[in-house]
6 protein chains.
Amino acid sequence: MPVIQITMSRGRSVQQKRELVEVLTKETARIMKTQEEKVRILIYEVSKENWGNAGVLGTDM
Amino acid sequence: MPVIQITMSRGRSVQQKRELVEVLTKETARIMKTQEEKVRILIYEVSKENWGNAGVLGTDM
Amino acid sequence: MPVIQITMSRGRSVQQKRELVEVLTKETARIMKTQEEKVRILIYEVSKENWGNAGVLGTDM
Amino acid sequence: MPVIQITMSRGRSVQQKRELVEVLTKETARIMKTQEEKVRILIYEVSKENWGNAGVLGTDM
Amino acid sequence: MPVIQITMSRGRSVQQKRELVEVLTKETARIMKTQEEKVRILIYEVSKENWGNAGVLGTDM
Amino acid sequence: MPVIQITMSRGRSVQQKRELVEVLTKETARIMKTQEEKVRILIYEVSKENWGNAGVLGTDM
């Protein structure tokens with residue numbers, strides 16, 4: 001049943017996302033002793049003006 | 001107070017979204033015995049390269 | 001692929017949740033022209049001290 | 001550790017987002033007695049056809 | 001329309017949550033030039049074994 | 001900046017969560033070419049009556 005939601009900066013390649021989905025699914029299923037078929041992953045890309053850390057906007061870092 | 005967040009593939013029409021908001025609000029309020037005024041719905045559209053199932057990226061299915 | 005996440009006040013019965021999952025899955029699949037098998041629903045229950053509306057905490061309403 | 005996720009209508013300026021990140025981080029850290037360095041904020045912008053209130057789509061209000 | 005979701009460590013008092021909801025609503029409405037009535041806040045409390053930073057579980061810090 | 005949110009069935013051990021946080025952080029940082037220090041993970045545990053698949057509640061499977 002695990003649903004994994006990843007929020008990250010915009011700009012990764014399709015190949016990076018493909019590997020991310022493949023590896024995170026495999027490792028999560030292995031550690032949680034569940035089937036890979038049950039793992040779903042959602043990626044939310046945000047631009048630098050849409051996140052902040054320690055009070056500072058991403059575009060200002 | 002219910003907040004419903006729907007993550008789905010990009011590409012549905014405005015008419016589909018309108019019906020989705022209308023029907024899901026009505027049914028949720030009815031089942032949970034609350035007022036429709038209290039139901040809020042948020043839709044997050046993701047492209048095929050931003051979700052995966054069973055370790056496979058949406059673009060590769 | 002749709003993932004539906006519902007945040008609602010704690011305290012609904014299992015029967016209400018069962019109907020919610022059944023009805024919302026059926027209606028979402030119908031409107032979005034996808035299969036019911038692809039719809040996943042997650043429910044997050046929060047107590048009254050964990051949500052606010054218009055600046056007022058749920059316990060104070 | 002607080003992670004604050006804001007879903008809002010598309011169209012705010014970078015300056016508004018900058019102030020939002022700055023102020024919400026400062027106030028959250030103060031109230032929760034934690035360090036500003038630990039507060040992370042994520043902003044999800046949705047267009048008017050992607051949210052609904054009381055069963056009505058944002059574009060129809 | 002803004003929906004603010006806060007994920008934080010379990011253990012804050014009702015009074016802290018009350019102030020958090022009050023202040024974050026007021027500041028968000030002010031900065032985004034919207035009405036306080038439209039701001040909704042949801043708090044998700046997680047225990048120390050349910051979050052990690054830099055690869056380390058909260059209970060191990 | 002990546003924030004990873006995992007929603008899963010209640011009942012995993014602390015040791016499983018520790019390994020999940022460790023491995024997912026390491027793999028995500030490696031694939032996305034970012035520092036492990038920037039990866040934050042949040043785990044939301046839901047009981048079987050709080051999720052559904054294909055219209056069926058978890059408790060009925």
# chains A, B, ... in the order shown; residues from 1 in each chain; ligands from 1
call {"tool": "interface_residues", "arguments": {"of": "chain D", "to": "chain E", "cutoff": "9 Å", "atoms": "only C-alpha atoms", "output": "list in words"}}
result
Met1, Pro2, Val3, Ile4, Gln5, Ile6, Thr7, Met8, Ser9, Arg12, Gln16, Lys17, Glu19, Leu20, Val23, Leu24, Glu27, Thr28, Ile31, Met32, Trp51, Gly52 and Asn53 of chain D
call {"tool": "select_by_dssp", "arguments": {"residues": "chain E", "states": "strand (DSSP E)", "output": "PyMOL selection string"}}
result
chain E and resi 3-9+40-46+51-53+56-57
call {"tool": "write_last_selection", "arguments": {"atoms": "C-alpha atoms", "output": "mmCIF file, in the first residue's frame"}}
result
data_model
loop_
_atom_site.group_PDB
_atom_site.id
_atom_site.type_symbol
_atom_site.label_atom_id
_atom_site.label_comp_id
_atom_site.auth_asym_id
_atom_site.auth_seq_id
_atom_site.Cartn_x
_atom_site.Cartn_y
_atom_site.Cartn_z
ATOM 1 C CA VAL E 3 -4.777 25.499 2.508
ATOM 2 C CA ILE E 4 -1.818 25.270 4.887
ATOM 3 C CA GLN E 5 -0.668 21.829 6.007
ATOM 4 C CA ILE E 6 1.805 21.662 8.867
ATOM 5 C CA THR E 7 3.643 18.442 9.700
ATOM 6 C CA MET E 8 5.395 18.656 13.053
ATOM 7 C CA SER E 9 6.624 16.613 15.985
ATOM 8 C CA ARG E 40 -7.737 26.597 6.265
ATOM 9 C CA ILE E 41 -5.001 24.985 8.364
ATOM 10 C CA LEU E 42 -4.397 21.270 8.934
ATOM 11 C CA ILE E 43 -1.871 19.951 11.464
ATOM 12 C CA TYR E 44 -0.356 16.477 11.153
ATOM 13 C CA GLU E 45 1.535 15.347 14.235
ATOM 14 C CA VAL E 46 4.204 12.689 13.812
ATOM 15 C CA TRP E 51 10.533 11.418 10.447
ATOM 16 C CA GLY E 52 14.109 11.613 9.384
ATOM 17 C CA ASN E 53 16.646 14.255 8.513
ATOM 18 C CA VAL E 56 18.898 9.836 10.545
ATOM 19 C CA LEU E 57 15.624 8.860 12.235
#
call {"tool": "atom_distance", "arguments": {"atom1": "atom CA of A:Glu22", "atom2": "atom CA of A:Thr34"}}
result
15.0 Å
call {"tool": "calpha_fit_and_write", "arguments": {"fixed": "chain D", "moving": "chain B", "output": "mmCIF file with N, CA, C and O atoms, in the first residue's frame"}}
result
data_model
loop_
_atom_site.group_PDB
_atom_site.id
_atom_site.type_symbol
_atom_site.label_atom_id
_atom_site.label_comp_id
_atom_site.auth_asym_id
_atom_site.auth_seq_id
_atom_site.Cartn_x
_atom_site.Cartn_y
_atom_site.Cartn_z
ATOM 1 N N MET B 1 11.836 20.678 12.957
ATOM 2 C CA MET B 1 11.377 19.725 11.964
ATOM 3 C C MET B 1 10.127 20.158 11.201
ATOM 4 O O MET B 1 9.779 19.540 10.199
ATOM 5 N N PRO B 2 9.451 21.227 11.605
ATOM 6 C CA PRO B 2 8.190 21.513 10.911
ATOM 7 C C PRO B 2 8.348 21.688 9.400
ATOM 8 O O PRO B 2 9.244 22.384 8.926
ATOM 9 N N VAL B 3 7.447 21.009 8.663
ATOM 10 C CA VAL B 3 7.346 21.194 7.219
ATOM 11 C C VAL B 3 5.979 21.817 6.959
ATOM 12 O O VAL B 3 4.957 21.283 7.388
ATOM 13 N N ILE B 4 5.974 22.969 6.312
ATOM 14 C CA ILE B 4 4.734 23.686 6.032
ATOM 15 C C ILE B 4 4.478 23.631 4.530
ATOM 16 O O ILE B 4 5.312 24.061 3.738
ATOM 17 N N GLN B 5 3.314 23.088 4.149
ATOM 18 C CA GLN B 5 2.965 23.003 2.729
ATOM 19 C C GLN B 5 1.757 23.898 2.479
ATOM 20 O O GLN B 5 0.707 23.740 3.095
ATOM 21 N N ILE B 6 1.941 24.830 1.556
ATOM 22 C CA ILE B 6 0.879 25.790 1.254
ATOM 23 C C ILE B 6 0.367 25.545 -0.159
ATOM 24 O O ILE B 6 1.130 25.588 -1.116
ATOM 25 N N THR B 7 -0.920 25.276 -0.280
ATOM 26 C CA THR B 7 -1.534 25.161 -1.603
ATOM 27 C C THR B 7 -2.363 26.415 -1.825
ATOM 28 O O THR B 7 -3.222 26.759 -1.010
ATOM 29 N N MET B 8 -2.074 27.130 -2.918
ATOM 30 C CA MET B 8 -2.766 28.398 -3.142
ATOM 31 C C MET B 8 -2.956 28.649 -4.638
ATOM 32 O O MET B 8 -2.341 28.004 -5.479
ATOM 33 N N SER B 9 -3.819 29.589 -4.952
ATOM 34 C CA SER B 9 -4.061 29.953 -6.342
ATOM 35 C C SER B 9 -2.788 30.497 -6.986
ATOM 36 O O SER B 9 -2.025 31.216 -6.348
ATOM 37 N N ARG B 10 -2.598 30.151 -8.206
ATOM 38 C CA ARG B 10 -1.468 30.644 -8.972
ATOM 39 C C ARG B 10 -1.532 32.164 -9.076
ATOM 40 O O ARG B 10 -2.600 32.756 -9.062
ATOM 41 N N GLY B 11 -0.391 32.823 -9.152
ATOM 42 C CA GLY B 11 -0.401 34.222 -9.512
ATOM 43 C C GLY B 11 0.163 35.199 -8.495
ATOM 44 O O GLY B 11 0.137 36.411 -8.722
ATOM 45 N N ARG B 12 0.703 34.711 -7.391
ATOM 46 C CA ARG B 12 1.344 35.647 -6.468
ATOM 47 C C ARG B 12 2.741 36.005 -6.965
ATOM 48 O O ARG B 12 3.399 35.216 -7.633
ATOM 49 N N SER B 13 3.218 37.181 -6.580
ATOM 50 C CA SER B 13 4.542 37.635 -6.997
ATOM 51 C C SER B 13 5.639 36.964 -6.162
ATOM 52 O O SER B 13 5.368 36.428 -5.075
ATOM 53 N N VAL B 14 6.845 37.017 -6.688
ATOM 54 C CA VAL B 14 7.987 36.469 -5.940
ATOM 55 C C VAL B 14 8.126 37.210 -4.616
ATOM 56 O O VAL B 14 8.421 36.602 -3.584
ATOM 57 N N GLN B 15 7.862 38.497 -4.628
ATOM 58 C CA GLN B 15 7.997 39.279 -3.394
ATOM 59 C C GLN B 15 6.990 38.803 -2.332
ATOM 60 O O GLN B 15 7.317 38.725 -1.142
ATOM 61 N N GLN B 16 5.776 38.483 -2.754
ATOM 62 C CA GLN B 16 4.783 37.958 -1.800
ATOM 63 C C GLN B 16 5.227 36.609 -1.234
ATOM 64 O O GLN B 16 5.095 36.346 -0.035
ATOM 65 N N LYS B 17 5.756 35.762 -2.102
ATOM 66 C CA LYS B 17 6.215 34.447 -1.636
ATOM 67 C C LYS B 17 7.400 34.607 -0.676
ATOM 68 O O LYS B 17 7.505 33.897 0.323
ATOM 69 N N ARG B 18 8.290 35.534 -1.001
ATOM 70 C CA ARG B 18 9.448 35.779 -0.136
ATOM 71 C C ARG B 18 8.990 36.189 1.266
ATOM 72 O O ARG B 18 9.486 35.678 2.266
ATOM 73 N N GLU B 19 8.012 37.088 1.314
ATOM 74 C CA GLU B 19 7.520 37.545 2.618
ATOM 75 C C GLU B 19 6.779 36.424 3.349
ATOM 76 O O GLU B 19 6.912 36.261 4.562
ATOM 77 N N LEU B 20 6.034 35.637 2.581
ATOM 78 C CA LEU B 20 5.300 34.517 3.172
ATOM 79 C C LEU B 20 6.271 33.538 3.845
ATOM 80 O O LEU B 20 6.063 33.116 4.993
ATOM 81 N N VAL B 21 7.335 33.180 3.145
ATOM 82 C CA VAL B 21 8.333 32.240 3.682
ATOM 83 C C VAL B 21 9.015 32.843 4.916
ATOM 84 O O VAL B 21 9.198 32.161 5.936
ATOM 85 N N GLU B 22 9.331 34.101 4.827
ATOM 86 C CA GLU B 22 10.046 34.772 5.920
ATOM 87 C C GLU B 22 9.181 34.853 7.185
ATOM 88 O O GLU B 22 9.604 34.453 8.277
ATOM 89 N N VAL B 23 7.968 35.346 7.011
ATOM 90 C CA VAL B 23 7.091 35.578 8.164
ATOM 91 C C VAL B 23 6.588 34.254 8.761
ATOM 92 O O VAL B 23 6.617 34.066 9.982
ATOM 93 N N LEU B 24 6.144 33.322 7.913
ATOM 94 C CA LEU B 24 5.624 32.058 8.441
ATOM 95 C C LEU B 24 6.721 31.258 9.156
ATOM 96 O O LEU B 24 6.457 30.581 10.151
ATOM 97 N N THR B 25 7.932 31.323 8.643
ATOM 98 C CA THR B 25 9.043 30.630 9.308
ATOM 99 C C THR B 25 9.300 31.245 10.673
ATOM 100 O O THR B 25 9.418 30.527 11.680
ATOM 101 N N LYS B 26 9.380 32.552 10.715
ATOM 102 C CA LYS B 26 9.679 33.239 11.974
ATOM 103 C C LYS B 26 8.599 32.975 13.021
ATOM 104 O O LYS B 26 8.901 32.630 14.180
ATOM 105 N N GLU B 27 7.351 33.116 12.629
ATOM 106 C CA GLU B 27 6.249 32.927 13.577
ATOM 107 C C GLU B 27 6.126 31.473 14.035
ATOM 108 O O GLU B 27 5.875 31.201 15.211
ATOM 109 N N THR B 28 6.293 30.546 13.103
ATOM 110 C CA THR B 28 6.194 29.128 13.476
ATOM 111 C C THR B 28 7.303 28.750 14.459
ATOM 112 O O THR B 28 7.054 28.076 15.469
ATOM 113 N N ALA B 29 8.512 29.196 14.187
ATOM 114 C CA ALA B 29 9.633 28.891 15.089
ATOM 115 C C ALA B 29 9.401 29.501 16.465
ATOM 116 O O ALA B 29 9.653 28.863 17.498
ATOM 117 N N ARG B 30 8.899 30.717 16.494
ATOM 118 C CA ARG B 30 8.645 31.388 17.760
ATOM 119 C C ARG B 30 7.581 30.655 18.579
ATOM 120 O O ARG B 30 7.789 30.343 19.759
ATOM 121 N N ILE B 31 6.459 30.340 17.948
ATOM 122 C CA ILE B 31 5.346 29.708 18.673
ATOM 123 C C ILE B 31 5.702 28.286 19.109
ATOM 124 O O ILE B 31 5.385 27.856 20.211
ATOM 125 N N MET B 32 6.388 27.549 18.243
ATOM 126 C CA MET B 32 6.706 26.163 18.556
ATOM 127 C C MET B 32 8.024 26.019 19.315
ATOM 128 O O MET B 32 8.441 24.905 19.603
ATOM 129 N N LYS B 33 8.651 27.120 19.602
ATOM 130 C CA LYS B 33 9.924 27.114 20.337
ATOM 131 C C LYS B 33 10.953 26.194 19.674
ATOM 132 O O LYS B 33 11.552 25.331 20.300
ATOM 133 N N THR B 34 11.108 26.387 18.386
ATOM 134 C CA THR B 34 12.120 25.630 17.657
ATOM 135 C C THR B 34 12.970 26.631 16.877
ATOM 136 O O THR B 34 12.720 27.839 16.906
ATOM 137 N N GLN B 35 14.016 26.168 16.195
ATOM 138 C CA GLN B 35 14.880 27.083 15.443
ATOM 139 C C GLN B 35 14.342 27.333 14.038
ATOM 140 O O GLN B 35 13.804 26.420 13.403
ATOM 141 N N GLU B 36 14.517 28.542 13.559
ATOM 142 C CA GLU B 36 14.077 28.855 12.191
ATOM 143 C C GLU B 36 14.761 27.948 11.162
ATOM 144 O O GLU B 36 14.185 27.631 10.130
ATOM 145 N N GLU B 37 15.967 27.540 11.468
ATOM 146 C CA GLU B 37 16.733 26.677 10.546
ATOM 147 C C GLU B 37 16.003 25.362 10.263
ATOM 148 O O GLU B 37 16.269 24.689 9.272
ATOM 149 N N LYS B 38 15.119 24.980 11.161
ATOM 150 C CA LYS B 38 14.461 23.673 11.011
ATOM 151 C C LYS B 38 13.156 23.750 10.223
ATOM 152 O O LYS B 38 12.540 22.730 9.952
ATOM 153 N N VAL B 39 12.711 24.959 9.913
ATOM 154 C CA VAL B 39 11.425 25.114 9.230
ATOM 155 C C VAL B 39 11.617 25.081 7.708
ATOM 156 O O VAL B 39 12.429 25.819 7.163
ATOM 157 N N ARG B 40 10.854 24.228 7.062
ATOM 158 C CA ARG B 40 10.908 24.154 5.613
ATOM 159 C C ARG B 40 9.517 24.440 5.060
ATOM 160 O O ARG B 40 8.532 23.959 5.595
ATOM 161 N N ILE B 41 9.457 25.236 4.016
ATOM 162 C CA ILE B 41 8.162 25.603 3.432
ATOM 163 C C ILE B 41 8.111 25.206 1.952
ATOM 164 O O ILE B 41 9.069 25.431 1.214
ATOM 165 N N LEU B 42 7.000 24.595 1.555
ATOM 166 C CA LEU B 42 6.787 24.206 0.159
ATOM 167 C C LEU B 42 5.494 24.841 -0.322
ATOM 168 O O LEU B 42 4.474 24.774 0.362
ATOM 169 N N ILE B 43 5.543 25.477 -1.499
ATOM 170 C CA ILE B 43 4.356 26.126 -2.052
ATOM 171 C C ILE B 43 3.897 25.390 -3.320
ATOM 172 O O ILE B 43 4.697 25.161 -4.226
ATOM 173 N N TYR B 44 2.639 25.003 -3.349
ATOM 174 C CA TYR B 44 2.056 24.361 -4.521
ATOM 175 C C TYR B 44 1.035 25.316 -5.115
ATOM 176 O O TYR B 44 0.042 25.648 -4.461
ATOM 177 N N GLU B 45 1.276 25.772 -6.321
ATOM 178 C CA GLU B 45 0.343 26.686 -6.965
ATOM 179 C C GLU B 45 -0.623 25.904 -7.854
ATOM 180 O O GLU B 45 -0.191 25.085 -8.666
ATOM 181 N N VAL B 46 -1.911 26.179 -7.702
ATOM 182 C CA VAL B 46 -2.898 25.513 -8.556
ATOM 183 C C VAL B 46 -3.711 26.571 -9.304
ATOM 184 O O VAL B 46 -4.008 27.637 -8.774
ATOM 185 N N SER B 47 -4.051 26.257 -10.549
ATOM 186 C CA SER B 47 -4.867 27.193 -11.321
ATOM 187 C C SER B 47 -6.332 27.054 -10.915
ATOM 188 O O SER B 47 -6.720 26.100 -10.238
ATOM 189 N N LYS B 48 -7.135 28.010 -11.339
ATOM 190 C CA LYS B 48 -8.525 28.073 -10.873
ATOM 191 C C LYS B 48 -9.355 26.854 -11.247
ATOM 192 O O LYS B 48 -10.380 26.589 -10.630
ATOM 193 N N GLU B 49 -8.939 26.153 -12.272
ATOM 194 C CA GLU B 49 -9.713 24.963 -12.657
ATOM 195 C C GLU B 49 -9.291 23.738 -11.844
ATOM 196 O O GLU B 49 -9.773 22.641 -12.096
ATOM 197 N N ASN B 50 -8.375 23.949 -10.909
ATOM 198 C CA ASN B 50 -7.888 22.818 -10.119
ATOM 199 C C ASN B 50 -8.222 22.887 -8.633
ATOM 200 O O ASN B 50 -7.533 22.278 -7.808
ATOM 201 N N TRP B 51 -9.222 23.657 -8.273
ATOM 202 C CA TRP B 51 -9.704 23.570 -6.898
ATOM 203 C C TRP B 51 -11.196 23.884 -6.867
ATOM 204 O O TRP B 51 -11.735 24.533 -7.770
ATOM 205 N N GLY B 52 -11.827 23.407 -5.831
ATOM 206 C CA GLY B 52 -13.254 23.641 -5.703
ATOM 207 C C GLY B 52 -13.620 23.886 -4.265
ATOM 208 O O GLY B 52 -12.929 23.464 -3.339
ATOM 209 N N ASN B 53 -14.679 24.603 -4.086
ATOM 210 C CA ASN B 53 -15.180 24.925 -2.753
ATOM 211 C C ASN B 53 -16.692 24.746 -2.762
ATOM 212 O O ASN B 53 -17.362 25.249 -3.658
ATOM 213 N N ALA B 54 -17.214 24.007 -1.788
ATOM 214 C CA ALA B 54 -18.664 23.817 -1.699
ATOM 215 C C ALA B 54 -19.246 23.240 -2.995
ATOM 216 O O ALA B 54 -20.385 23.529 -3.360
ATOM 217 N N GLY B 55 -18.452 22.474 -3.711
ATOM 218 C CA GLY B 55 -18.937 21.811 -4.911
ATOM 219 C C GLY B 55 -18.809 22.622 -6.190
ATOM 220 O O GLY B 55 -19.182 22.160 -7.267
ATOM 221 N N VAL B 56 -18.271 23.832 -6.077
ATOM 222 C CA VAL B 56 -18.138 24.714 -7.245
ATOM 223 C C VAL B 56 -16.655 24.868 -7.628
ATOM 224 O O VAL B 56 -15.818 25.155 -6.769
ATOM 225 N N LEU B 57 -16.361 24.684 -8.907
ATOM 226 C CA LEU B 57 -14.991 24.815 -9.390
ATOM 227 C C LEU B 57 -14.537 26.277 -9.336
ATOM 228 O O LEU B 57 -15.341 27.190 -9.550
ATOM 229 N N GLY B 58 -13.253 26.499 -9.055
ATOM 230 C CA GLY B 58 -12.720 27.854 -8.928
ATOM 231 C C GLY B 58 -13.010 28.749 -10.129
ATOM 232 O O GLY B 58 -13.273 29.940 -9.977
ATOM 233 N N THR B 59 -12.985 28.182 -11.336
ATOM 234 C CA THR B 59 -13.242 28.977 -12.543
ATOM 235 C C THR B 59 -14.689 29.451 -12.640
ATOM 236 O O THR B 59 -14.982 30.360 -13.402
ATOM 237 N N ASP B 60 -15.582 28.846 -11.883
ATOM 238 C CA ASP B 60 -17.003 29.192 -11.969
ATOM 239 C C ASP B 60 -17.436 30.152 -10.860
ATOM 240 O O ASP B 60 -18.623 30.472 -10.739
ATOM 241 N N MET B 61 -16.488 30.605 -10.048
ATOM 242 C CA MET B 61 -16.859 31.496 -8.931
ATOM 243 C C MET B 61 -16.824 32.963 -9.346
ATOM 244 O O MET B 61 -16.171 33.341 -10.273
#
call {"tool": "select_by_dssp", "arguments": {"residues": "chain D", "states": "alpha helix (DSSP H)", "output": "PyMOL selection string"}}
result
chain D and resi 14-32
